[in-house]
>>> print(open('protein-v8.cif').read())   # mmCIF, C-alpha atoms (C1' of nucleotides)
data_protein
#
loop_
_atom_site.label_atom_id
_atom_site.label_comp_id
_atom_site.auth_asym_id
_atom_site.auth_seq_id
_atom_site.Cartn_x
_atom_site.Cartn_y
_atom_site.Cartn_z
CA MET H 3 0.00 0.00 0.00
CA ALA H 4 1.78 3.06 -1.23
CA THR H 5 1.62 6.12 1.01
CA VAL H 6 0.83 8.70 -1.61
CA MET H 7 -0.75 11.89 -0.33
CA ALA H 8 -0.68 15.62 -0.66
CA ARG H 9 0.23 17.55 2.49
CA ALA H 10 -1.92 20.27 3.94
CA GLN H 11 -0.85 23.77 2.97
CA PHE H 12 -1.39 25.26 6.38
CA ASP H 13 -0.34 24.55 9.95
CA LYS H 14 -3.13 23.08 12.02
CA ASP H 15 -1.73 24.49 15.25
CA SER H 16 -1.51 28.04 13.99
CA ILE H 17 -5.11 27.75 12.76
CA LEU H 18 -6.09 26.52 16.22
CA ASP H 19 -4.34 29.48 17.82
CA LYS H 20 -6.61 31.75 15.81
CA THR H 21 -9.79 29.84 16.64
CA ILE H 22 -8.80 29.82 20.31
CA MET H 23 -8.83 33.60 20.28
CA LEU H 24 -12.25 33.65 18.61
CA PHE H 25 -13.93 31.08 20.86
CA TRP H 26 -12.21 32.46 23.95
CA GLN H 27 -13.39 36.01 23.37
CA GLN H 28 -16.78 35.46 21.74
CA GLY H 29 -17.84 32.13 23.17
CA TYR H 30 -19.13 29.04 21.37
CA HIS H 31 -22.57 30.33 20.38
CA GLY H 32 -21.20 33.79 19.71
CA THR H 33 -18.69 32.54 17.14
CA SER H 34 -19.84 31.47 13.68
CA MET H 35 -17.94 29.25 11.30
CA GLN H 36 -17.87 32.25 8.99
CA ASP H 37 -16.02 34.14 11.71
CA VAL H 38 -13.54 31.29 11.62
CA THR H 39 -13.12 31.27 7.84
CA ALA H 40 -12.74 35.06 7.88
CA SER H 41 -10.14 34.98 10.65
CA THR H 42 -8.09 32.05 9.37
CA GLY H 43 -8.47 32.59 5.62
CA LEU H 44 -9.48 28.96 5.21
CA LYS H 45 -12.36 28.12 2.89
CA PRO H 46 -15.26 26.19 4.42
CA GLY H 47 -14.26 22.99 2.66
CA SER H 48 -10.70 23.02 3.99
CA LEU H 49 -11.92 23.82 7.47
CA TYR H 50 -14.38 20.95 7.56
CA ASN H 51 -11.94 18.58 5.88
CA SER H 52 -9.34 19.27 8.56
CA PHE H 53 -11.38 19.65 11.72
CA GLY H 54 -14.70 17.88 11.14
CA ASN H 55 -17.30 20.32 12.39
CA LYS H 56 -17.80 23.23 14.75
CA GLU H 57 -17.98 21.08 17.88
CA GLN H 58 -14.79 19.19 17.06
CA LEU H 59 -13.01 22.42 16.18
CA PHE H 60 -14.04 23.84 19.53
CA ILE H 61 -12.81 20.74 21.34
CA ALA H 62 -9.45 20.93 19.57
CA SER H 63 -9.16 24.61 20.52
CA LEU H 64 -10.07 23.98 24.15
CA GLU H 65 -7.62 21.08 24.38
CA ARG H 66 -4.77 23.16 23.03
CA TYR H 67 -5.55 26.01 25.40
CA ALA H 68 -5.80 23.63 28.36
CA GLN H 69 -2.53 21.96 27.45
CA ARG H 70 -0.77 25.30 27.37
CA SER H 71 -2.23 26.25 30.75
CA ALA H 72 -1.17 22.93 32.26
CA ASP H 73 2.31 23.30 30.84
CA LYS H 74 2.68 26.77 32.28
CA MET H 75 1.43 25.63 35.66
CA LYS H 76 3.87 22.71 35.73
CA LEU H 77 6.75 24.97 34.76
CA VAL H 78 6.02 27.66 37.32
CA MET H 79 5.33 25.18 40.10
CA SER H 80 8.75 23.65 39.63
CA HIS H 81 10.05 26.68 41.57
CA GLY H 82 8.30 25.27 44.62
CA THR H 83 4.61 24.99 45.37
CA GLY H 84 4.05 28.08 47.49
CA LYS H 85 6.29 30.34 45.40
CA GLY H 86 4.75 28.92 42.22
CA ILE H 87 1.19 29.59 43.28
CA VAL H 88 2.08 33.15 44.26
CA MET H 89 3.65 33.67 40.83
CA LEU H 90 0.64 32.25 39.00
CA LEU H 91 -1.86 34.33 40.96
CA THR H 92 0.23 37.47 40.52
CA ASP H 93 0.37 36.86 36.78
CA MET H 94 -3.41 36.48 36.64
CA VAL H 95 -3.90 39.74 38.50
CA ALA H 96 -1.57 41.47 36.05
CA ALA H 97 -3.37 39.98 33.01
CA ARG H 98 -6.58 41.62 34.16
CA GLY H 99 -5.31 45.03 33.09
CA LYS H 100 -4.65 44.20 29.45
CA LYS H 101 -7.04 45.31 26.75
CA ASP H 102 -9.29 42.63 25.27
CA TYR H 103 -9.10 40.90 28.63
CA ALA H 104 -11.12 37.71 28.36
CA SER H 105 -10.88 35.86 31.66
CA CYS H 106 -10.04 32.19 31.16
CA PHE H 107 -11.26 30.20 28.17
CA ILE H 108 -12.00 27.11 30.27
CA ILE H 109 -14.00 28.97 32.90
CA LYS H 110 -15.99 30.81 30.25
CA THR H 111 -16.77 27.51 28.55
CA GLN H 112 -18.00 25.95 31.79
CA LEU H 113 -20.35 28.87 32.43
CA GLU H 114 -21.63 29.26 28.86
CA LEU H 115 -22.21 25.66 27.88
CA THR H 116 -23.37 23.70 30.94
CA SER H 117 -26.97 23.88 29.82
CA THR H 118 -26.80 23.99 25.99
CA GLU H 119 -23.73 21.87 25.21
CA PRO H 120 -23.19 19.63 28.23
CA LYS H 121 -20.63 17.51 26.43
CA LEU H 122 -18.35 20.51 25.91
CA ALA H 123 -19.04 21.87 29.38
CA LYS H 124 -18.06 18.53 30.90
CA LEU H 125 -14.73 18.76 29.09
CA ALA H 126 -14.11 22.14 30.70
CA GLY H 127 -15.22 20.83 34.08
CA ASP H 128 -12.82 17.92 33.81
CA TYR H 129 -9.92 20.25 33.07
CA LEU H 130 -10.78 22.31 36.13
CA SER H 131 -11.01 19.19 38.30
CA ARG H 132 -7.64 18.03 37.07
CA THR H 133 -6.14 21.44 37.80
CA LYS H 134 -7.45 21.35 41.33
CA ALA H 135 -6.10 17.83 41.83
CA GLN H 136 -2.66 19.01 40.75
CA TYR H 137 -2.77 21.92 43.17
CA LYS H 138 -3.85 19.61 45.97
CA LEU H 139 -1.03 17.16 45.28
CA ALA H 140 1.58 19.90 45.20
CA ILE H 141 0.20 21.57 48.32
CA ALA H 142 0.13 18.27 50.21
CA SER H 143 3.87 17.80 49.75
CA GLU H 144 4.69 21.26 51.09
CA TYR H 145 1.92 21.94 53.63
CA GLY H 146 0.81 18.44 54.61
CA GLU H 147 -2.03 16.17 53.58
CA ALA H 148 -4.49 17.43 56.18
CA LEU H 149 -4.67 20.97 54.88
CA SER H 150 -4.29 20.22 51.19
CA GLU H 151 -7.98 19.86 50.31
CA VAL H 152 -9.09 23.11 51.89
CA TYR H 153 -6.03 24.99 50.63
CA ALA H 154 -6.54 23.70 47.08
CA THR H 155 -10.18 24.76 47.28
CA SER H 156 -9.06 28.21 48.40
CA VAL H 157 -6.65 28.51 45.50
CA MET H 158 -9.28 27.48 42.95
CA MET H 159 -11.81 29.94 44.35
CA ALA H 160 -9.18 32.68 44.36
CA ILE H 161 -8.44 31.97 40.69
CA PHE H 162 -12.12 32.15 39.78
CA GLY H 163 -12.40 35.36 41.76
CA ILE H 164 -9.48 36.99 39.98
CA ARG H 165 -10.59 35.86 36.53
CA VAL H 166 -14.11 37.21 36.92
CA TYR H 167 -13.22 40.31 38.91
CA GLY H 168 -10.76 41.22 36.17
CA TYR H 169 -13.59 42.67 34.11
CA GLN H 170 -14.23 45.28 36.82
CA GLN H 171 -10.72 46.68 36.36
CA PRO H 172 -10.22 47.02 40.11
CA ASN H 173 -7.11 48.48 41.65
CA GLU H 174 -4.29 45.94 41.31
CA ALA H 175 -2.88 46.63 44.75
CA ASP H 176 -6.28 46.07 46.38
CA VAL H 177 -6.69 42.71 44.69
CA LEU H 178 -3.21 41.62 45.75
CA GLU H 179 -3.82 42.80 49.30
CA SER H 180 -7.09 40.88 49.36
CA LEU H 181 -5.33 37.75 48.14
CA ARG H 182 -2.62 38.16 50.77
CA LEU H 183 -5.31 38.32 53.42
CA SER H 184 -7.27 35.38 52.04
CA LEU H 185 -4.36 33.09 51.28
CA HIS H 186 -2.25 34.10 54.27
CA TRP H 187 -0.43 30.76 54.27
CA LEU H 188 1.29 31.49 50.94
CA PRO H 189 4.84 32.94 50.88
CA TRP H 190 3.93 36.43 49.65
CA GLU H 191 6.85 38.80 49.28
CA ASN H 192 7.08 41.50 51.92
CA HIS H 193 6.22 44.91 50.62
CA MET R 30 -58.19 62.55 24.68
CA ALA R 31 -60.15 59.47 25.72
CA THR R 32 -58.16 56.63 27.31
CA VAL R 33 -59.59 53.76 25.36
CA MET R 34 -57.51 50.65 25.16
CA ALA R 35 -57.55 46.88 25.43
CA ARG R 36 -55.46 45.39 28.22
CA ALA R 37 -52.78 42.78 27.68
CA GLN R 38 -53.91 39.24 28.38
CA PHE R 39 -50.72 38.21 30.13
CA ASP R 40 -48.58 39.46 32.96
CA LYS R 41 -45.33 41.02 31.78
CA ASP R 42 -43.52 40.12 34.98
CA SER R 43 -44.42 36.45 34.85
CA ILE R 44 -43.25 36.37 31.22
CA LEU R 45 -40.00 37.97 32.32
CA ASP R 46 -39.57 35.35 35.03
CA LYS R 47 -39.64 32.71 32.32
CA THR R 48 -37.20 34.51 30.03
CA ILE R 49 -34.89 35.06 32.99
CA MET R 50 -34.66 31.30 33.41
CA LEU R 51 -33.92 30.84 29.70
CA PHE R 52 -31.29 33.57 29.38
CA TRP R 53 -29.76 32.68 32.75
CA GLN R 54 -29.30 29.03 31.90
CA GLN R 55 -28.58 29.16 28.16
CA GLY R 56 -27.04 32.59 27.77
CA TYR R 57 -27.88 35.33 25.28
CA HIS R 58 -26.53 33.74 22.12
CA GLY R 59 -27.67 30.28 23.23
CA THR R 60 -31.30 31.37 23.57
CA SER R 61 -33.43 31.95 20.46
CA MET R 62 -36.61 33.94 20.31
CA GLN R 63 -38.30 30.69 19.35
CA ASP R 64 -37.13 29.27 22.68
CA VAL R 65 -38.87 32.23 24.26
CA THR R 66 -42.14 31.80 22.36
CA ALA R 67 -42.08 28.07 23.14
CA SER R 68 -41.45 28.65 26.84
CA THR R 69 -43.88 31.52 27.35
CA GLY R 70 -46.61 30.49 24.92
CA LEU R 71 -46.58 33.97 23.42
CA LYS R 72 -46.75 34.33 19.64
CA PRO R 73 -43.89 36.26 17.99
CA GLY R 74 -46.13 39.26 17.36
CA SER R 75 -47.18 39.59 20.99
CA LEU R 76 -43.63 39.18 22.16
CA TYR R 77 -42.24 41.91 19.90
CA ASN R 78 -45.21 44.16 20.56
CA SER R 79 -44.60 43.96 24.31
CA PHE R 80 -40.83 43.89 24.61
CA GLY R 81 -39.42 45.37 21.41
CA ASN R 82 -36.69 42.99 20.37
CA LYS R 83 -34.33 40.36 21.73
CA GLU R 84 -31.86 42.86 23.16
CA GLN R 85 -34.56 44.82 24.99
CA LEU R 86 -36.12 41.62 26.28
CA PHE R 87 -32.74 40.56 27.63
CA ILE R 88 -32.23 43.93 29.29
CA ALA R 89 -35.65 43.72 30.95
CA SER R 90 -34.82 40.21 32.19
CA LEU R 91 -31.43 41.23 33.54
CA GLU R 92 -32.89 44.28 35.26
CA ARG R 93 -35.56 42.22 36.99
CA TYR R 94 -33.01 39.66 38.12
CA ALA R 95 -30.65 42.36 39.38
CA GLN R 96 -33.46 44.10 41.25
CA ARG R 97 -34.37 40.89 43.03
CA SER R 98 -30.72 40.28 43.96
CA ALA R 99 -30.36 43.80 45.28
CA ASP R 100 -33.58 43.48 47.29
CA LYS R 101 -32.44 40.24 48.86
CA MET R 102 -29.06 41.71 49.72
CA LYS R 103 -30.63 44.74 51.33
CA LEU R 104 -33.01 42.57 53.35
CA VAL R 105 -30.36 40.17 54.60
CA MET R 106 -27.87 42.92 55.41
CA SER R 107 -30.40 44.58 57.65
CA HIS R 108 -29.45 41.91 60.22
CA GLY R 109 -26.04 43.55 60.44
CA THR R 110 -23.24 43.72 57.91
CA GLY R 111 -21.03 40.86 59.08
CA LYS R 112 -23.90 38.51 59.90
CA GLY R 113 -25.59 39.45 56.65
CA ILE R 114 -22.57 38.70 54.49
CA VAL R 115 -22.12 35.36 56.22
CA MET R 116 -25.75 34.51 55.52
CA LEU R 117 -25.50 35.52 51.85
CA LEU R 118 -22.31 33.55 51.28
CA THR R 119 -23.73 30.51 53.06
CA ASP R 120 -26.82 30.66 50.88
CA MET R 121 -24.70 30.80 47.74
CA VAL R 122 -22.72 27.77 48.85
CA ALA R 123 -25.96 25.90 49.45
CA ALA R 124 -27.38 26.88 46.05
CA ARG R 125 -24.43 25.19 44.37
CA GLY R 126 -25.87 21.75 45.15
CA LYS R 127 -29.20 22.19 43.43
CA LYS R 128 -29.85 20.61 40.06
CA ASP R 129 -29.83 22.96 37.06
CA TYR R 130 -27.40 25.09 39.00
CA ALA R 131 -26.58 28.08 36.84
CA SER R 132 -24.20 30.33 38.76
CA CYS R 133 -25.35 33.96 38.69
CA PHE R 134 -27.12 35.51 35.70
CA ILE R 135 -25.20 38.77 35.99
CA ILE R 136 -21.78 37.13 36.18
CA LYS R 137 -22.57 34.87 33.24
CA THR R 138 -23.68 37.88 31.23
CA GLN R 139 -20.46 39.74 31.96
CA LEU R 140 -18.35 36.80 30.81
CA GLU R 141 -20.40 35.90 27.75
CA LEU R 142 -21.06 39.31 26.25
CA THR R 143 -18.04 41.55 26.91
CA SER R 144 -16.77 40.99 23.39
CA THR R 145 -19.91 40.43 21.28
CA GLU R 146 -22.52 42.63 23.00
CA PRO R 147 -20.56 45.25 24.95
CA LYS R 148 -23.66 47.29 25.68
CA LEU R 149 -25.26 44.40 27.55
CA ALA R 150 -21.99 43.43 29.22
CA LYS R 151 -21.59 46.99 30.49
CA LEU R 152 -25.02 46.73 32.10
CA ALA R 153 -23.90 43.63 33.96
CA GLY R 154 -20.61 45.25 34.91
CA ASP R 155 -22.44 48.26 36.31
CA TYR R 156 -24.64 46.05 38.48
CA LEU R 157 -21.55 44.31 39.86
CA SER R 158 -19.87 47.66 40.56
CA ARG R 159 -22.94 48.86 42.38
CA THR R 160 -23.06 45.67 44.42
CA LYS R 161 -19.46 46.10 45.46
CA ALA R 162 -20.08 49.73 46.39
CA GLN R 163 -22.94 48.64 48.65
CA TYR R 164 -20.77 46.05 50.35
CA LYS R 165 -18.03 48.62 50.84
CA LEU R 166 -20.42 51.11 52.41
CA ALA R 167 -21.88 48.54 54.77
CA ILE R 168 -18.46 47.20 55.72
CA ALA R 169 -17.11 50.69 56.38
CA SER R 170 -19.76 51.31 59.03
CA GLU R 171 -18.98 48.11 60.90
CA TYR R 172 -15.24 47.57 60.26
CA GLY R 173 -14.00 51.07 59.52
CA GLU R 174 -13.25 53.04 56.38
CA ALA R 175 -9.62 51.97 56.12
CA LEU R 176 -10.33 48.28 55.63
CA SER R 177 -13.56 48.62 53.67
CA GLU R 178 -12.07 48.64 50.16
CA VAL R 179 -9.94 45.54 50.61
CA TYR R 180 -12.67 43.72 52.52
CA ALA R 181 -15.27 44.51 49.87
CA THR R 182 -12.87 43.29 47.20
CA SER R 183 -12.43 40.08 49.18
CA VAL R 184 -16.18 39.57 49.43
CA MET R 185 -16.69 40.11 45.70
CA MET R 186 -13.91 37.70 44.81
CA ALA R 187 -15.31 35.14 47.24
CA ILE R 188 -18.72 35.44 45.58
CA PHE R 189 -17.23 34.94 42.13
CA GLY R 190 -15.28 31.97 43.46
CA ILE R 191 -18.36 30.33 44.95
CA ARG R 192 -20.50 30.95 41.89
CA VAL R 193 -17.99 29.45 39.47
CA TYR R 194 -16.75 26.68 41.72
CA GLY R 195 -20.34 25.59 42.19
CA TYR R 196 -20.21 23.74 38.89
CA GLN R 197 -17.52 21.45 40.29
CA GLN R 198 -19.90 20.22 42.98
CA PRO R 199 -17.22 20.35 45.64
CA ASN R 200 -17.76 19.29 49.22
CA GLU R 201 -19.87 21.94 50.94
CA ALA R 202 -17.93 21.76 54.20
CA ASP R 203 -14.63 22.30 52.38
CA VAL R 204 -15.94 25.40 50.64
CA LEU R 205 -17.25 26.81 53.91
CA GLU R 206 -13.98 26.05 55.68
CA SER R 207 -12.09 27.74 52.87
CA LEU R 208 -14.30 30.82 53.17
CA ARG R 209 -13.81 30.89 56.95
CA LEU R 210 -10.07 30.89 56.37
CA SER R 211 -10.17 33.50 53.63
CA LEU R 212 -12.65 35.86 55.23
CA HIS R 213 -11.48 35.35 58.81
CA TRP R 214 -12.78 38.77 59.84
CA LEU R 215 -16.42 37.75 59.34
CA PRO R 216 -18.51 36.52 62.30
CA TRP R 217 -18.73 32.86 61.30
CA GLU R 218 -20.64 30.65 63.69
CA ASN R 219 -18.51 28.32 65.76
CA HIS R 220 -18.81 24.71 64.70
"C1'" DA Y 26 6.45 13.10 -16.92
"C1'" DG Y 27 2.64 10.56 -15.35
"C1'" DC Y 28 -0.24 8.53 -11.96
"C1'" DA Y 29 -2.76 8.28 -7.64
"C1'" DA Y 30 -3.99 10.17 -3.61
"C1'" DT Y 31 -5.16 14.24 -1.00
"C1'" DT Y 32 -6.39 18.99 -0.43
"C1'" DT Y 33 -8.58 23.24 -1.91
"C1'" DT Y 34 -12.20 25.65 -3.87
"C1'" DG Y 35 -16.55 28.28 -3.60
"C1'" DA Y 36 -21.11 27.97 -5.01
"C1'" DA Y 37 -24.96 25.96 -3.02
"C1'" DC Y 38 -28.00 23.73 0.60
"C1'" DA Y 39 -31.57 23.19 4.17
"C1'" DA Y 40 -32.47 24.73 8.63
"C1'" DA Y 41 -32.65 28.15 12.06
"C1'" DC Y 42 -32.40 32.86 12.98
"C1'" DA Y 43 -34.53 37.64 14.44
"C1'" DC Y 44 -38.25 40.02 13.11
"C1'" DT Y 45 -42.71 41.98 10.48
"C1'" DC Y 46 -47.41 43.00 9.28
"C1'" DA Y 47 -52.19 42.93 7.64
"C1'" DA Y 48 -56.08 40.99 9.34
"C1'" DA Y 49 -58.85 39.16 13.21
"C1'" DA Y 50 -60.04 39.30 18.03
"C1'" DA Y 51 -60.67 41.44 22.34
"C1'" DG Y 52 -61.03 45.07 25.68
"C1'" DT Y 53 -62.82 49.82 27.23
"C1'" DT Y 54 -65.73 53.54 27.27
"C1'" DA Y 55 -70.06 55.91 26.13
"C1'" DT B 4 -74.69 48.05 21.45
"C1'" DA B 5 -71.57 50.79 18.87
"C1'" DA B 6 -67.37 53.12 18.23
"C1'" DC B 7 -62.65 53.15 19.06
"C1'" DT B 8 -58.31 51.43 20.41
"C1'" DT B 9 -55.09 47.95 21.55
"C1'" DT B 10 -53.65 43.26 21.39
"C1'" DT B 11 -53.20 38.80 19.23
"C1'" DT B 12 -52.44 35.96 15.47
"C1'" DG B 13 -49.38 33.12 12.45
"C1'" DA B 14 -47.86 32.90 8.01
"C1'" DG B 15 -44.15 35.10 5.92
"C1'" DT B 16 -39.86 38.28 5.48
"C1'" DG B 17 -34.84 38.33 4.38
"C1'" DT B 18 -30.59 36.94 6.61
"C1'" DT B 19 -27.38 34.05 8.80
"C1'" DT B 20 -26.39 29.62 10.37
"C1'" DG B 21 -23.57 25.08 9.97
"C1'" DT B 22 -22.40 22.11 6.46
"C1'" DT B 23 -21.77 19.70 1.82
"C1'" DC B 24 -19.78 18.30 -2.61
"C1'" DA B 25 -18.25 17.88 -7.39
"C1'" DA B 26 -14.69 19.84 -9.73
"C1'" DA B 27 -10.06 21.81 -9.85
"C1'" DA B 28 -5.56 22.19 -8.01
"C1'" DT B 29 -1.75 20.43 -5.53
"C1'" DT B 30 1.42 17.08 -3.82
"C1'" DG B 31 4.42 12.68 -3.42
"C1'" DC B 32 6.11 8.88 -5.56
"C1'" DT B 33 7.90 6.11 -9.44
#
>>> encode(input="protein-v8.cif", output="structure tokens")
Amino acid sequence: MATVMARAQFDKDSILDKTIMLFWQQGYHGTSMQDVTASTGLKPGSLYNSFGNKEQLFIASLERYAQRSADKMKLVMSHGTGKGIVMLLTDMVAARGKKDYASCFIIKTQLELTSTEPKLAKLAGDYLSRTKAQYKLAIASEYGEALSEVYATSVMMAIFGIRVYGYQQPNEADVLESLRLSLHWLPWENH
Amino acid sequence: MATVMARAQFDKDSILDKTIMLFWQQGYHGTSMQDVTASTGLKPGSLYNSFGNKEQLFIASLERYAQRSADKMKLVMSHGTGKGIVMLLTDMVAARGKKDYASCFIIKTQLELTSTEPKLAKLAGDYLSRTKAQYKLAIASEYGEALSEVYATSVMMAIFGIRVYGYQQPNEADVLESLRLSLHWLPWENH
DNA sequence: AGCAATTTTGAACAAACACTCAAAAAGTTA
DNA sequence: TAACTTTTTGAGTGTTTGTTCAAAATTGCT
């Protein structure tokens, strides 16, 4: 069986990076496949030939985004659990100021699609569960098993708080001070 | 000028209560006007004659929801600021367990529509700002002006955390314990 | 160069969308 | 009851939606 085939003329990953931005900012129902063809330059036929349909394209986008988040978390946490969490939270607080701020793609998916696209929402929920499990594991090794569940819960809730509160453009120092108060067990830098 | 007119055969508010449920659960883009006619029993003509268009119907729904939230907050806080906040947060944690849990309509609106329907997202953002301002005012009178900004920020972030984390169906006791730790200055009941 | 497989094209599709409107029905006053 | 106004009806508007497909172009291999 000869392996004779023509290669695609575009890079799937760079297409996904563009659809991530669309779905992330506009949501699943708020993004049309024509938005996608306009943004990527792909014709409908190529798009469907490569990615199947809208749902599968969304799943591929979400997976790529989640993988990147997980990679970043792993990298930062290698500096130590407490220090790593402080760095991650600080980064999230800083991201809030940027223009076109769009919270977190996974969180937005969970909120938007729980009722209308439960299959996609479950995907998002699973990513969030896995993230929490990773935090718990890391926290357990540095702060002990007993506290790890409640501490991991606190971290997750703090992340959700930051990501949603970001839209309000609150004072950065106030948010950081609030986090310092809430997560007093983390090794915040003295200021 | 004689006031001669036929009265509507339905109650606007009870129609709005039904559209609130639709928009709240499915979002703006995820809800079609046909969903609305199916759910309310109204024919398209009646619907448009009474509420204008989809955007205006959504605004009316959001306003009614926000008014109810504000009323409840005012009522509960009349028992005292600290006690009131504890009661509100405890209620939110309890709501998380119910089936068809759908976070908070206002928060979901902010996340879904910031990019595609900025006018509607701004409405939601304004409600959240007003809510925070009320918390700050109440906190200032019981805990002092100096702490009120950071404490109010903490409360808002805790609310966002609870409302999003609710989808994960976490252990209720863990969430409450995490809140007790984070908002240690509130008068939590001993347990 | 020539063949076979894949990819690209873009016009076209049915379904769903937000919304309209002329005619019929119903309500209010006199 | 009659006159007047508003409301209800539901088929129908044009547009946008997600998706398809036969034909053309491109690619890899011999």
>>> resolve_selection(input="protein-v8.cif", expression="the PyMOL selection byres ((chain B and resi 6-17) around 12)", output="JSON, numbers by chain")
{"R": [30, 31, 32, 33, 34, 35, 36, 37, 38, 39, 71, 72, 73, 74, 75, 76, 77, 78, 79], "Y": [42, 43, 44, 45, 46, 47, 48, 49, 50, 51, 52, 53, 54, 55], "B": [4, 5, 18, 19]}
>>> atom_distance(input="protein-v8.cif", atom1="CA of Ser144 (chain R)", atom2="CA of Cys106 (chain H)")
13.5 Å
>>> residues_around(input="protein-v8.cif", residues="Asp203 (chain R)", least_positions_apart="6", cutoff="8 Å", atoms="only C-alpha atoms (C1' of nucleotides)", output="PDB file with C-alpha atoms, in the frame of the given file")
ATOM      1  CA  GLU H 151      -7.980  19.860  50.310  1.00  0.00           C
ATOM      2  CA  VAL H 152      -9.090  23.110  51.890  1.00  0.00           C
ATOM      3  CA  THR H 155     -10.180  24.760  47.280  1.00  0.00           C
TER       4      THR H 155
END
>>> interface_residues(input="protein-v8.cif", of="chain R", to="chain H", cutoff="6 Å", atoms="only C-alpha atoms", output="VMD selection string")
chain R and resid 55 58 to 59 144 to 145 179 183 186 189 to 190 203 207 211
>>> atom_distance(input="protein-v8.cif", atom1="C1' of DA37 (chain Y)", atom2="C1' of DT23 (chain B)")
8.5 Å
>>> atom_distance(input="protein-v8.cif", atom1="C1' of DA25 (chain B)", atom2="CA of Asp15 (chain H)")
28.8 Å
>>> resolve_selection(input="protein-v8.cif", expression="the PyMOL selection byres ((chain Y) within 10 of (chain H))", output="number ranges by chain")
Y: 29-35
>>> write_last_selection(input="protein-v8.cif", atoms="C-alpha atoms (C1' of nucleotides)", output="PDB file, in the frame of the given file")
ATOM      1  C1'  DA Y  29      -2.760   8.280  -7.640  1.00  0.00           C
ATOM      2  C1'  DA Y  30      -3.990  10.170  -3.610  1.00  0.00           C
ATOM      3  C1'  DT Y  31      -5.160  14.240  -1.000  1.00  0.00           C
ATOM      4  C1'  DT Y  32      -6.390  18.990  -0.430  1.00  0.00           C
ATOM      5  C1'  DT Y  33      -8.580  23.240  -1.910  1.00  0.00           C
ATOM      6  C1'  DT Y  34     -12.200  25.650  -3.870  1.00  0.00           C
ATOM      7  C1'  DG Y  35     -16.550  28.280  -3.600  1.00  0.00           C
TER       8       DG Y  35
END
>>> resolve_selection(input="protein-v8.cif", expression="the PyMOL selection byres ((chain B) within 7 of (chain H))", output="ChimeraX atom specification")
/B:29-32
>>> residues_near_point(input="protein-v8.cif", point="(-31.4, 19.8, 2.8)", cutoff="12 Å", atoms="all atoms listed in the file", output="MDAnalysis selection string")
(chainID Y and resid 37:40) or (chainID B and resid 21:23)
